[in-house]
Every structure is written in C-alpha cells, then in structure tokens.
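J.: Submitted below is the structure of interest, expressed as structure tokens.
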Amino acid sequence: MLIAANWKMYKGRRETREFLEHFEPPAGVDVVICPSFTSLAAAVETGRTIYAQNVHWENQGAYTGEVSPEMLVELGVAGSIVGHSERRQYFGETDETTAKRAEAALAAGLGVIACVGETEEQREAGEMEDVLRRQVGVLPRHDRLVIAYEPVWAIGTGKNATPEMCHHAHSFIKSLTDVQVLYGGSVKPDNAAALLSQSSVDGALVGGASLDVDSFTAICRAAIPS
Ligand code: 13P
C-alpha cells in the first residue's frame with residue numbers, strides 16, 4: 001500500500017519541518033510526501049520519501065517557472081505527481097503535456113504518480129470510461145509509474161467516491177494497463193478503511209486530510225492489512 005500526501009500550495013519550509021518532526025510513518029505502509037517546491041529541500045533532509053507536485057519535460061531551457069527532472073534528482077527528490085486535475089483545470093495541463101512530464105521524469109529515474117479522473121459533468125454524461133481510456137492511454141508503461149484515480153467532483157468537496165464506484169473505476173483502469181492505482185478525493189480517517197479495503201485499491205493520494213499529522217497518521221494506519 002502506498003499513501004501519498006499532496007500538500008498542494010500549503011506548508012512552507014517551517015511547517016514542513018514541523019510536520020515531519022512529529023510524523024512517524026506506521027510500519028507496513030509506504031508513505032510519500034509531496035510538498036511545494038520551496039519546501040522540498042527541507043523535506044528531503046528528514047530522510048523521508050519526497051515527491052514534487054509537478055515536473056517539466058526538459059532538463060533545462062527557457063521555461064520560466066518550471067522545474068526539471070534533473071533538478072529534482074539533484075535535490076534528492078524521489079519522484080513527482082503529474083497531471084493533477086488542478087493543473088489541468090487552472091494551468092492548461094493536457095493529456096499530452098502530462099504524458100511528456102511522466103516520460104521525462106521516468107527517464108531521469110524518478111517515480112511518477114499520474115493523476116486521472118472524470119469531472120461531474122463527464123460522469124453524468126456517461127463518459128467516465130472514455131475519459132479514463134483517453135487519459136490512461138497516453139501514459140507510458142513503467143514499473144515506477146502509478147496512477148491516481150481522482151474523480152474531479154470528489155476533490156476538496158467532501159464527496160468521496162463510494163467504495164463501489166472506486167472499485168469500478170480502478171478495475172477499469174487495470175483492464176487498460178497493469179498498474180498500481182491509488183484513490184484520491186476527500187479521503188479522510190473515517191472513510192479510508194472502506195476505500196482501501198477494495199481489492200483494486202493500492203493506496204491513496206490525500207489532499208486536505210494529509211495536512212494534519214494525526215489525521216494523516218490515521219489514514220496511513222487504515223492502509224495496514226489487519
Ligand atoms: P482532497 O483529499 O483534499 O479531496 O484532495 C485530493 C487531491 O487532490 C489529492 O491530490
């Protein structure tokens with residue numbers, strides 16, 4: 001089981017250090033923390049497994065505001081999220097740029113958590129499988145790539161997918177490619193066990209509930225097979 005914390009644009013260096021001083025990952029679960037770029041170095045110093053939240057596809061060049069795979073490797077960062085729906089929604093990320101980021105990160109030796117997921121509109125129009133087929137179809141196949149299924153309507157809304165909806169989407173993704181699939185979208189201590197107990201769920205990508213040590217620890221504990 002892999003439990004990843006996506007801190008989005010929360011926690012600068014000081015809060016990152018504070019969290020990691022107090023957080024003890026439970027044995028039996030792989031934990032990845034994804035802080036903001038400015039907090040990566042402080043996080044890496046703690047010896048934990050740290051991923052970035054995004055990565056560019058070139059190793060250097062005139063790309064203002066971007067960070068390259070080699071820069072992350074040099075810092076001791078172990079991987080990166082790519083294609084998060086907030087990147088797609090607010091920053092023009094597409095299936096193609098997501099795939100390019102994933103390929104470059106893998107080529108540099110990084111791990112990748114590639115995010116996919118349908119919007120509410122797409123789900124209601126019965127397009128979930130088409131959307132997932134398209135988003136998953138462009139991604140490289142690699143043993144260091146995992147997919148996070150994050151239905152957009154469940155992110156930050158408190159509306160999580162039911163374990164059955166989650167199982168259906170994960171099984172569909174696994175029918176397309178042999179890959180580990182994390183679930184993301186309003187994962188909380190009180191719903192984590194039910195979601196993680198699905199056979200098709202290989203872990204979670206946690207936003208809001210990963211910002212607090214106690215709630216994130218509780219979610220990590222829910223991932224330990226009993
Ligand atoms: P929430 O857990 O806050 O819904 O965010 C999910 C997410 O976007 C993780 O990448």
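As shown in the structure tokens, the chain order sets the letters A, B, ...; within each chain, residues go from 1, and ligands are also counted from 1 in the order they appear.
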Could you write out, as a PyMOL selection string, all the residues of segment 3-215 of chain A that DSSP marks as helix (DSSP H, G or I)?
T.: chain A and resi 13-22+37-45+69-75+85-90+95-107+120-124+128-137+152-154+163-176+189-196+208-210+213-215
J.: Residues at most 7 Å from Gly207 of chain A, counting only C-alpha atoms, excluding those fewer than 3 positions away in the same chain, as an NGL selection string?
T.: :A and (5-7 or 210)
J.: Taking only C-alpha atoms into account, which of A:Gln122, A:Ser200, A:Gln135, A:Thr177 comes nearest Met165 of chain A?
T.: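 Checking each of A:Gln122, A:Ser200, A:Gln135, A:Thr177 against Met165 of chain A, counting only C-alpha atoms, the winner is A:Ser200.
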J.: Counting only C-alpha atoms and all ligand atoms, figure out which residue out of A:Leu2, A:Val138, A:Ala209, A:Leu20 gets nearest to ligand 1.
T.: A:Ala209
J.: What's around Met1 of chain A at 12 Å? Count only C-alpha atoms, leave out sequence neighbours fewer than 6 positions away in its own chain, and write the answer as a list in words.
T.: Pro26, Ala27, Gly28, Val29, Asp30, Val31, Val32, Val146, Gln180, Val181, Leu182, Tyr183, Leu196, Ser197, Gln198, Ser199, Ser200, Val201, Asp202, Gly203, Ala204, Leu205, Ile219, Cys220, Arg221, Ala222, Ala223, Ile224 and Pro225 of chain A
J.: Give me the chain A side of the contact with ligand 1, cut-off 10 Å, one line per residue showing its nearest atom pair and distance in Å at one decimal, counting only C-alpha atoms and all ligand atoms, sorted by chain and residue number, as CSV.
T.:
```
residue,atom,partner,partner_atom_place_in_ligand_line,distance
A:Ala4,CA,ligand 1,9 (C),8.3
A:Ala5,CA,ligand 1,9 (C),7.2
A:Asn6,CA,ligand 1,10 (O),5.1
A:Trp7,CA,ligand 1,9 (C),8.0
A:Lys8,CA,ligand 1,10 (O),7.6
A:Cys34,CA,ligand 1,10 (O),9.4
A:Gln53,CA,ligand 1,10 (O),9.0
A:Ile81,CA,ligand 1,10 (O),8.5
A:Gly83,CA,ligand 1,10 (O),10.0
A:His84,CA,ligand 1,10 (O),6.6
A:Ser85,CA,ligand 1,8 (O),7.3
A:Glu86,CA,ligand 1,8 (O),7.6
A:Ile113,CA,ligand 1,10 (O),9.7
A:Cys115,CA,ligand 1,10 (O),7.8
A:Ala148,CA,ligand 1,10 (O),8.1
A:Tyr149,CA,ligand 1,10 (O),9.3
A:Glu150,CA,ligand 1,8 (O),6.8
A:Pro151,CA,ligand 1,8 (O),8.9
A:Val152,CA,ligand 1,8 (O),8.0
A:Trp153,CA,ligand 1,4 (O),9.0
A:Ala154,CA,ligand 1,4 (O),6.0
A:Ile155,CA,ligand 1,4 (O),3.5
A:Gly156,CA,ligand 1,4 (O),3.5
A:Thr157,CA,ligand 1,4 (O),6.1
A:Gly158,CA,ligand 1,4 (O),6.6
A:Lys159,CA,ligand 1,4 (O),8.1
A:Asn160,CA,ligand 1,4 (O),7.7
A:Tyr183,CA,ligand 1,9 (C),8.7
A:Gly184,CA,ligand 1,6 (C),5.0
A:Gly185,CA,ligand 1,4 (O),3.9
A:Ser186,CA,ligand 1,4 (O),3.5
A:Val187,CA,ligand 1,2 (O),5.1
A:Lys188,CA,ligand 1,2 (O),7.3
A:Ala204,CA,ligand 1,9 (C),8.4
A:Leu205,CA,ligand 1,9 (C),5.0
A:Val206,CA,ligand 1,2 (O),4.4
A:Gly207,CA,ligand 1,2 (O),3.4
A:Gly208,CA,ligand 1,3 (O),3.7
A:Ala209,CA,ligand 1,2 (O),5.9
A:Ser210,CA,ligand 1,2 (O),7.5
A:Leu211,CA,ligand 1,3 (O),9.3
```
J.: Hey, which of A:Glu121, A:Glu93, A:Glu15, A:Glu24 ends up closest to His56 of chain A? Count only C-alpha atoms.
T.: A:Glu93
J.: What gap, in Å, lies between atom CA of Lys100 of chain A and atom CA of Trp57 of chain A?
T.: 5.7 Å
J.: For Val82 of chain A, please output as a CSV table (one decimal) with N, CA and C atoms, in the first residue's frame all residues within 6 Å (counting only C-alpha atoms; exclusion window: fewer than 2 positions along the same chain).
T.:
```
chain,number,residue,atom,x,y,z
A,54,ASN,N,4.9,18.5,-9.4
A,54,ASN,CA,4.9,18.7,-10.9
A,54,ASN,C,6.4,18.7,-11.3
A,84,HIS,N,-2.1,16.5,-12.3
A,84,HIS,CA,-3.2,16.6,-11.3
A,84,HIS,C,-4.3,17.5,-11.9
A,98,THR,N,0.9,16.0,-19.8
A,98,THR,CA,1.0,15.1,-18.7
A,98,THR,C,1.9,13.9,-19.1
A,114,ALA,N,0.7,9.6,-11.7
A,114,ALA,CA,0.0,10.3,-12.7
A,114,ALA,C,-1.5,10.3,-12.4
```
J.: Could you state the separation of atom CA of Thr97 of chain A and atom CA of Ile147 of chain A in Å, given to one decimal place?
T.: 15.7 Å
